[in-house]
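One file, data.txt, is given below (compact mmCIF, N, CA and C atoms).
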```txt
# COMPACT_ATOMS: atom_id res chain seq x y z
N MET A 1 -37.42 48.35 -117.14
CA MET A 1 -37.65 47.95 -115.77
C MET A 1 -37.08 48.99 -114.82
N ASN A 2 -37.78 49.22 -113.77
CA ASN A 2 -37.37 50.19 -112.77
C ASN A 2 -36.69 49.45 -111.61
N ASN A 3 -35.41 49.77 -111.35
CA ASN A 3 -34.65 49.09 -110.31
C ASN A 3 -34.80 49.74 -108.93
N GLU A 4 -35.51 50.84 -108.87
CA GLU A 4 -35.68 51.53 -107.59
C GLU A 4 -36.60 50.72 -106.67
N GLN A 5 -36.19 50.63 -105.39
CA GLN A 5 -37.04 49.97 -104.41
C GLN A 5 -38.01 50.99 -103.84
N LYS A 6 -39.24 50.56 -103.72
CA LYS A 6 -40.24 51.45 -103.14
C LYS A 6 -40.19 51.35 -101.63
N THR A 7 -40.15 52.50 -100.97
CA THR A 7 -40.17 52.50 -99.51
C THR A 7 -41.61 52.50 -99.04
N PRO A 8 -41.87 51.65 -98.05
CA PRO A 8 -43.24 51.64 -97.54
C PRO A 8 -43.58 52.99 -96.91
N PRO A 9 -44.84 53.39 -96.97
CA PRO A 9 -45.21 54.68 -96.38
C PRO A 9 -44.96 54.66 -94.87
N GLN A 10 -44.51 55.80 -94.35
CA GLN A 10 -44.23 55.94 -92.92
C GLN A 10 -45.54 55.87 -92.14
N GLN A 11 -45.56 55.00 -91.13
CA GLN A 11 -46.75 54.86 -90.30
C GLN A 11 -46.66 55.86 -89.15
N LYS A 12 -47.71 56.63 -88.93
CA LYS A 12 -47.73 57.58 -87.82
C LYS A 12 -48.30 56.89 -86.59
N ILE A 13 -47.66 57.14 -85.47
CA ILE A 13 -48.11 56.57 -84.21
C ILE A 13 -48.45 57.70 -83.25
N ASN A 14 -49.65 57.69 -82.74
CA ASN A 14 -50.03 58.66 -81.72
C ASN A 14 -49.66 58.10 -80.37
N ILE A 15 -48.87 58.85 -79.62
CA ILE A 15 -48.43 58.42 -78.30
C ILE A 15 -49.09 59.31 -77.26
N GLU A 16 -49.81 58.67 -76.36
CA GLU A 16 -50.49 59.41 -75.29
C GLU A 16 -49.55 59.52 -74.10
N LEU A 17 -49.43 60.71 -73.52
CA LEU A 17 -48.59 60.94 -72.36
C LEU A 17 -49.45 61.53 -71.25
N PRO A 18 -49.95 60.66 -70.35
CA PRO A 18 -50.78 61.15 -69.25
C PRO A 18 -50.00 62.11 -68.36
N PRO A 19 -50.67 63.08 -67.75
CA PRO A 19 -49.98 64.07 -66.92
C PRO A 19 -49.11 63.46 -65.82
N GLU A 20 -49.58 62.39 -65.19
CA GLU A 20 -48.79 61.79 -64.11
C GLU A 20 -47.49 61.16 -64.63
N GLN A 21 -47.47 60.74 -65.90
CA GLN A 21 -46.25 60.21 -66.50
C GLN A 21 -45.38 61.33 -67.06
N ALA A 22 -45.99 62.40 -67.52
CA ALA A 22 -45.26 63.52 -68.10
C ALA A 22 -44.35 64.19 -67.08
N GLU A 23 -44.74 64.08 -65.82
CA GLU A 23 -43.95 64.65 -64.73
C GLU A 23 -42.58 63.98 -64.64
N GLY A 24 -42.50 62.71 -64.97
CA GLY A 24 -41.24 61.98 -64.93
C GLY A 24 -40.91 61.49 -63.53
N THR A 25 -39.96 60.58 -63.46
CA THR A 25 -39.48 60.04 -62.20
C THR A 25 -37.97 60.04 -62.25
N TYR A 26 -37.34 60.66 -61.25
CA TYR A 26 -35.89 60.73 -61.19
C TYR A 26 -35.31 59.37 -60.79
N ALA A 27 -34.25 58.95 -61.48
CA ALA A 27 -33.53 57.73 -61.14
C ALA A 27 -32.04 57.99 -61.30
N ASN A 28 -31.23 57.49 -60.35
CA ASN A 28 -29.79 57.61 -60.49
C ASN A 28 -29.11 56.24 -60.47
N LEU A 29 -29.92 55.20 -60.58
CA LEU A 29 -29.39 53.84 -60.66
C LEU A 29 -30.34 52.99 -61.47
N ALA A 30 -29.79 52.22 -62.40
CA ALA A 30 -30.59 51.26 -63.15
C ALA A 30 -29.94 49.89 -62.98
N ILE A 31 -30.74 48.92 -62.61
CA ILE A 31 -30.26 47.55 -62.47
C ILE A 31 -30.81 46.78 -63.66
N ILE A 32 -29.91 46.22 -64.45
CA ILE A 32 -30.31 45.55 -65.68
C ILE A 32 -30.03 44.06 -65.57
N THR A 33 -31.08 43.26 -65.79
CA THR A 33 -30.93 41.81 -65.82
C THR A 33 -31.54 41.31 -67.13
N HIS A 34 -31.23 40.08 -67.49
CA HIS A 34 -31.79 39.56 -68.74
C HIS A 34 -31.91 38.05 -68.69
N SER A 35 -32.80 37.58 -69.53
CA SER A 35 -32.98 36.15 -69.78
C SER A 35 -32.83 35.97 -71.29
N PRO A 36 -32.92 34.77 -71.80
CA PRO A 36 -32.84 34.61 -73.26
C PRO A 36 -33.97 35.35 -74.00
N ALA A 37 -35.07 35.63 -73.32
CA ALA A 37 -36.24 36.21 -73.99
C ALA A 37 -36.44 37.70 -73.74
N GLU A 38 -35.85 38.25 -72.66
CA GLU A 38 -36.16 39.64 -72.34
C GLU A 38 -35.08 40.30 -71.48
N PHE A 39 -35.08 41.62 -71.53
CA PHE A 39 -34.25 42.45 -70.66
C PHE A 39 -35.18 43.12 -69.66
N VAL A 40 -34.74 43.20 -68.41
CA VAL A 40 -35.51 43.87 -67.37
C VAL A 40 -34.65 45.00 -66.83
N ILE A 41 -35.17 46.22 -66.87
CA ILE A 41 -34.45 47.38 -66.36
C ILE A 41 -35.26 47.96 -65.21
N ASP A 42 -34.68 47.92 -64.01
CA ASP A 42 -35.30 48.51 -62.83
C ASP A 42 -34.65 49.86 -62.57
N PHE A 43 -35.45 50.91 -62.57
CA PHE A 43 -34.97 52.26 -62.30
C PHE A 43 -35.23 52.59 -60.84
N THR A 44 -34.19 53.01 -60.15
CA THR A 44 -34.29 53.31 -58.73
C THR A 44 -33.46 54.56 -58.43
N ARG A 45 -33.46 54.98 -57.21
CA ARG A 45 -32.57 56.06 -56.81
C ARG A 45 -32.00 55.76 -55.44
N ILE A 46 -30.74 56.10 -55.31
CA ILE A 46 -30.03 55.92 -54.05
C ILE A 46 -29.85 57.31 -53.44
N LEU A 47 -30.21 57.43 -52.18
CA LEU A 47 -30.06 58.71 -51.49
C LEU A 47 -29.03 58.57 -50.38
N PRO A 48 -28.23 59.61 -50.15
CA PRO A 48 -27.21 59.55 -49.09
C PRO A 48 -27.86 59.25 -47.73
N GLY A 49 -27.25 58.34 -46.99
CA GLY A 49 -27.74 58.02 -45.65
C GLY A 49 -28.95 57.12 -45.60
N VAL A 50 -29.46 56.72 -46.75
CA VAL A 50 -30.62 55.83 -46.79
C VAL A 50 -30.14 54.47 -47.28
N PRO A 51 -30.16 53.45 -46.41
CA PRO A 51 -29.59 52.15 -46.78
C PRO A 51 -30.45 51.33 -47.73
N LYS A 52 -31.67 51.76 -47.99
CA LYS A 52 -32.59 50.99 -48.81
C LYS A 52 -32.99 51.81 -50.04
N ALA A 53 -33.05 51.15 -51.19
CA ALA A 53 -33.48 51.82 -52.41
C ALA A 53 -34.78 51.19 -52.89
N LYS A 54 -35.63 51.98 -53.49
CA LYS A 54 -36.92 51.52 -53.98
C LYS A 54 -36.93 51.56 -55.51
N VAL A 55 -37.49 50.53 -56.14
CA VAL A 55 -37.66 50.54 -57.59
C VAL A 55 -38.87 51.41 -57.91
N TYR A 56 -38.66 52.43 -58.74
CA TYR A 56 -39.74 53.33 -59.12
C TYR A 56 -40.37 52.97 -60.46
N SER A 57 -39.61 52.24 -61.27
CA SER A 57 -40.16 51.82 -62.55
C SER A 57 -39.41 50.60 -63.04
N ARG A 58 -40.13 49.65 -63.58
CA ARG A 58 -39.54 48.45 -64.18
C ARG A 58 -39.97 48.41 -65.64
N ILE A 59 -38.99 48.32 -66.53
CA ILE A 59 -39.26 48.24 -67.96
C ILE A 59 -38.77 46.88 -68.44
N ILE A 60 -39.65 46.16 -69.13
CA ILE A 60 -39.31 44.84 -69.67
C ILE A 60 -39.40 44.94 -71.19
N MET A 61 -38.35 44.49 -71.87
CA MET A 61 -38.35 44.57 -73.33
C MET A 61 -37.62 43.38 -73.94
N THR A 62 -37.88 43.16 -75.21
CA THR A 62 -37.21 42.08 -75.94
C THR A 62 -35.74 42.46 -76.16
N PRO A 63 -34.87 41.47 -76.41
CA PRO A 63 -33.48 41.79 -76.70
C PRO A 63 -33.34 42.74 -77.90
N GLN A 64 -34.20 42.59 -78.90
CA GLN A 64 -34.13 43.47 -80.06
C GLN A 64 -34.45 44.92 -79.68
N HIS A 65 -35.46 45.10 -78.83
CA HIS A 65 -35.80 46.46 -78.40
C HIS A 65 -34.73 47.03 -77.47
N ALA A 66 -34.12 46.17 -76.65
CA ALA A 66 -33.03 46.63 -75.78
C ALA A 66 -31.86 47.14 -76.62
N LYS A 67 -31.54 46.42 -77.68
CA LYS A 67 -30.44 46.85 -78.55
C LYS A 67 -30.80 48.14 -79.28
N ALA A 68 -32.05 48.26 -79.72
CA ALA A 68 -32.49 49.49 -80.37
C ALA A 68 -32.41 50.67 -79.38
N LEU A 69 -32.75 50.43 -78.12
CA LEU A 69 -32.63 51.47 -77.09
C LEU A 69 -31.18 51.86 -76.91
N LEU A 70 -30.28 50.89 -76.87
CA LEU A 70 -28.85 51.16 -76.74
C LEU A 70 -28.37 52.07 -77.87
N VAL A 71 -28.73 51.73 -79.10
CA VAL A 71 -28.32 52.52 -80.26
C VAL A 71 -28.89 53.94 -80.17
N ALA A 72 -30.16 54.05 -79.78
CA ALA A 72 -30.79 55.37 -79.66
C ALA A 72 -30.12 56.21 -78.56
N LEU A 73 -29.79 55.58 -77.43
CA LEU A 73 -29.10 56.30 -76.35
C LEU A 73 -27.71 56.73 -76.79
N GLN A 74 -26.97 55.86 -77.47
CA GLN A 74 -25.64 56.22 -77.96
C GLN A 74 -25.72 57.41 -78.90
N ASP A 75 -26.68 57.38 -79.81
CA ASP A 75 -26.86 58.47 -80.76
C ASP A 75 -27.18 59.78 -80.04
N ASN A 76 -28.07 59.72 -79.06
CA ASN A 76 -28.45 60.92 -78.34
C ASN A 76 -27.34 61.45 -77.44
N VAL A 77 -26.55 60.57 -76.84
CA VAL A 77 -25.41 61.02 -76.02
C VAL A 77 -24.38 61.71 -76.93
N GLN A 78 -24.12 61.15 -78.10
CA GLN A 78 -23.19 61.77 -79.04
C GLN A 78 -23.68 63.16 -79.46
N LYS A 79 -24.96 63.28 -79.76
CA LYS A 79 -25.53 64.58 -80.14
C LYS A 79 -25.44 65.57 -78.98
N PHE A 80 -25.73 65.12 -77.76
CA PHE A 80 -25.66 65.98 -76.58
C PHE A 80 -24.23 66.48 -76.39
N GLU A 81 -23.25 65.55 -76.45
CA GLU A 81 -21.86 65.92 -76.22
C GLU A 81 -21.33 66.84 -77.32
N LYS A 82 -21.81 66.67 -78.53
CA LYS A 82 -21.40 67.55 -79.62
C LYS A 82 -21.87 68.98 -79.34
N GLN A 83 -23.06 69.11 -78.77
CA GLN A 83 -23.64 70.42 -78.49
C GLN A 83 -23.16 71.01 -77.16
N HIS A 84 -22.99 70.16 -76.13
CA HIS A 84 -22.72 70.67 -74.78
C HIS A 84 -21.37 70.27 -74.21
N GLY A 85 -20.61 69.46 -74.89
CA GLY A 85 -19.32 69.00 -74.37
C GLY A 85 -19.43 67.61 -73.75
N GLU A 86 -18.26 67.04 -73.47
CA GLU A 86 -18.20 65.68 -72.94
C GLU A 86 -18.92 65.55 -71.60
N ILE A 87 -19.66 64.47 -71.45
CA ILE A 87 -20.33 64.15 -70.18
C ILE A 87 -19.29 63.45 -69.31
N LYS A 88 -19.04 64.00 -68.15
CA LYS A 88 -18.06 63.39 -67.23
C LYS A 88 -18.81 62.58 -66.19
N THR A 89 -18.25 61.42 -65.84
CA THR A 89 -18.81 60.61 -64.77
C THR A 89 -18.05 60.91 -63.49
N GLN A 90 -18.42 60.26 -62.41
CA GLN A 90 -17.86 60.54 -61.09
C GLN A 90 -16.33 60.56 -61.10
N ALA A 91 -15.71 59.59 -61.72
CA ALA A 91 -14.25 59.52 -61.73
C ALA A 91 -13.65 60.29 -62.91
N GLY A 92 -14.50 60.94 -63.71
CA GLY A 92 -14.01 61.73 -64.83
C GLY A 92 -13.88 60.94 -66.12
N SER A 93 -14.14 59.65 -66.07
CA SER A 93 -14.06 58.81 -67.26
C SER A 93 -15.45 58.55 -67.79
N THR A 94 -15.61 58.60 -69.11
CA THR A 94 -16.93 58.35 -69.69
C THR A 94 -17.31 56.89 -69.67
N ASP A 95 -16.32 55.98 -69.39
CA ASP A 95 -16.69 54.57 -69.32
C ASP A 95 -16.48 53.99 -67.93
N ASP A 96 -16.55 54.82 -66.90
CA ASP A 96 -16.48 54.35 -65.52
C ASP A 96 -17.81 53.72 -65.15
N LYS A 97 -17.79 52.39 -64.91
CA LYS A 97 -19.03 51.68 -64.63
C LYS A 97 -19.26 51.46 -63.14
N SER A 98 -18.50 52.17 -62.29
CA SER A 98 -18.66 51.97 -60.86
C SER A 98 -19.66 52.96 -60.27
N PHE A 99 -20.33 53.73 -61.13
CA PHE A 99 -21.22 54.77 -60.66
C PHE A 99 -22.50 54.79 -61.48
N GLY A 100 -23.62 54.98 -60.82
CA GLY A 100 -24.88 55.20 -61.52
C GLY A 100 -25.44 53.97 -62.19
N PHE A 101 -25.75 54.06 -63.46
CA PHE A 101 -26.44 53.01 -64.18
C PHE A 101 -25.48 51.89 -64.52
N GLN A 102 -25.82 50.66 -64.10
CA GLN A 102 -24.92 49.55 -64.34
C GLN A 102 -25.66 48.22 -64.29
N SER A 103 -24.99 47.19 -64.77
CA SER A 103 -25.52 45.83 -64.70
C SER A 103 -25.00 45.18 -63.43
N PRO A 104 -25.73 44.19 -62.87
CA PRO A 104 -25.29 43.56 -61.63
C PRO A 104 -23.88 42.98 -61.70
N GLY A 105 -23.42 42.52 -62.85
CA GLY A 105 -22.10 41.94 -63.00
C GLY A 105 -20.99 42.95 -63.09
N ASP A 106 -21.30 44.25 -63.26
CA ASP A 106 -20.28 45.30 -63.36
C ASP A 106 -19.69 45.60 -62.00
N SER A 107 -18.38 45.84 -61.97
CA SER A 107 -17.73 46.25 -60.72
C SER A 107 -16.58 47.15 -61.01
```

Entire entry expressed as structure tokens:
Amino acid sequence: MNNEQKTPPQQKINIELPPEQAEGTYANLAIITHSPAEFVIDFTRILPGVPKAKVYSRIIMTPQHAKALLVALQDNVQKFEKQHGEIKTQAGSTDDKSFGFQSPGDS
């Protein structure tokens, strides 16, 4: 008997990137809210002297996909810092949550 587990073949996914999306949209603030069924991430930007911010993109995902995104971001930040050095935030701390991307409950 063979005790080796067979791995399913890797499925290839073709991802289309339209030119208007490939350009990207700059955001320096993300507002994250959630319900039992989904996470909602609103990407916006705050500009000096402008009292109003506009949401440029809203991403809605399941809790499982939100956690997978968290893991992927952590992995990529670690790889970036290994290659380029520690990423400093406004106050110089990597876990300062008073700046940039945060959840509404963070202060």

Go ahead and compute the interatomic distance for atom N of Asp42 in chain A and atom N of His65 in chain A, in Å to one decimal.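 According to the coordinates, atom N of Asp42 in chain A and atom N of His65 in chain A are separated by 15.1 Å.
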
Please provide as a list in words all residues within 12 Å of range 70-78 of chain A, with the sequence filter that same-chain residues fewer than 6 positions apart are discarded (counting only C-alpha atoms).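 Neighbouring residues, sequence-local ones excluded: Phe39, Pro63, Gln64, His84, Gly85, Glu86, Ile87, Lys88 and Thr94 of chain A.
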
May I have all residues of chain A that DSSP, computed from the backbone, assigns to helix (DSSP H, G or I), given as a PyMOL selection string? chain A and resi 19-22+63-84

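Put simply, CA of Lys67 in chain A is 21.0 Å away from CA of Glu81 in chain A.
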
d(atom N of Pro48 in chain A, atom C of Tyr26 in chain A) in Å: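 Between atom N of Pro48 in chain A and atom C of Tyr26 in chain A the gap works out to 12.8 Å.
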
Taking the DSSP secondary structure from the backbone, can you list the residues of chain A that are strand (DSSP E), as a PyMOL selection string? chain A and resi 29-34+39-45+54-61
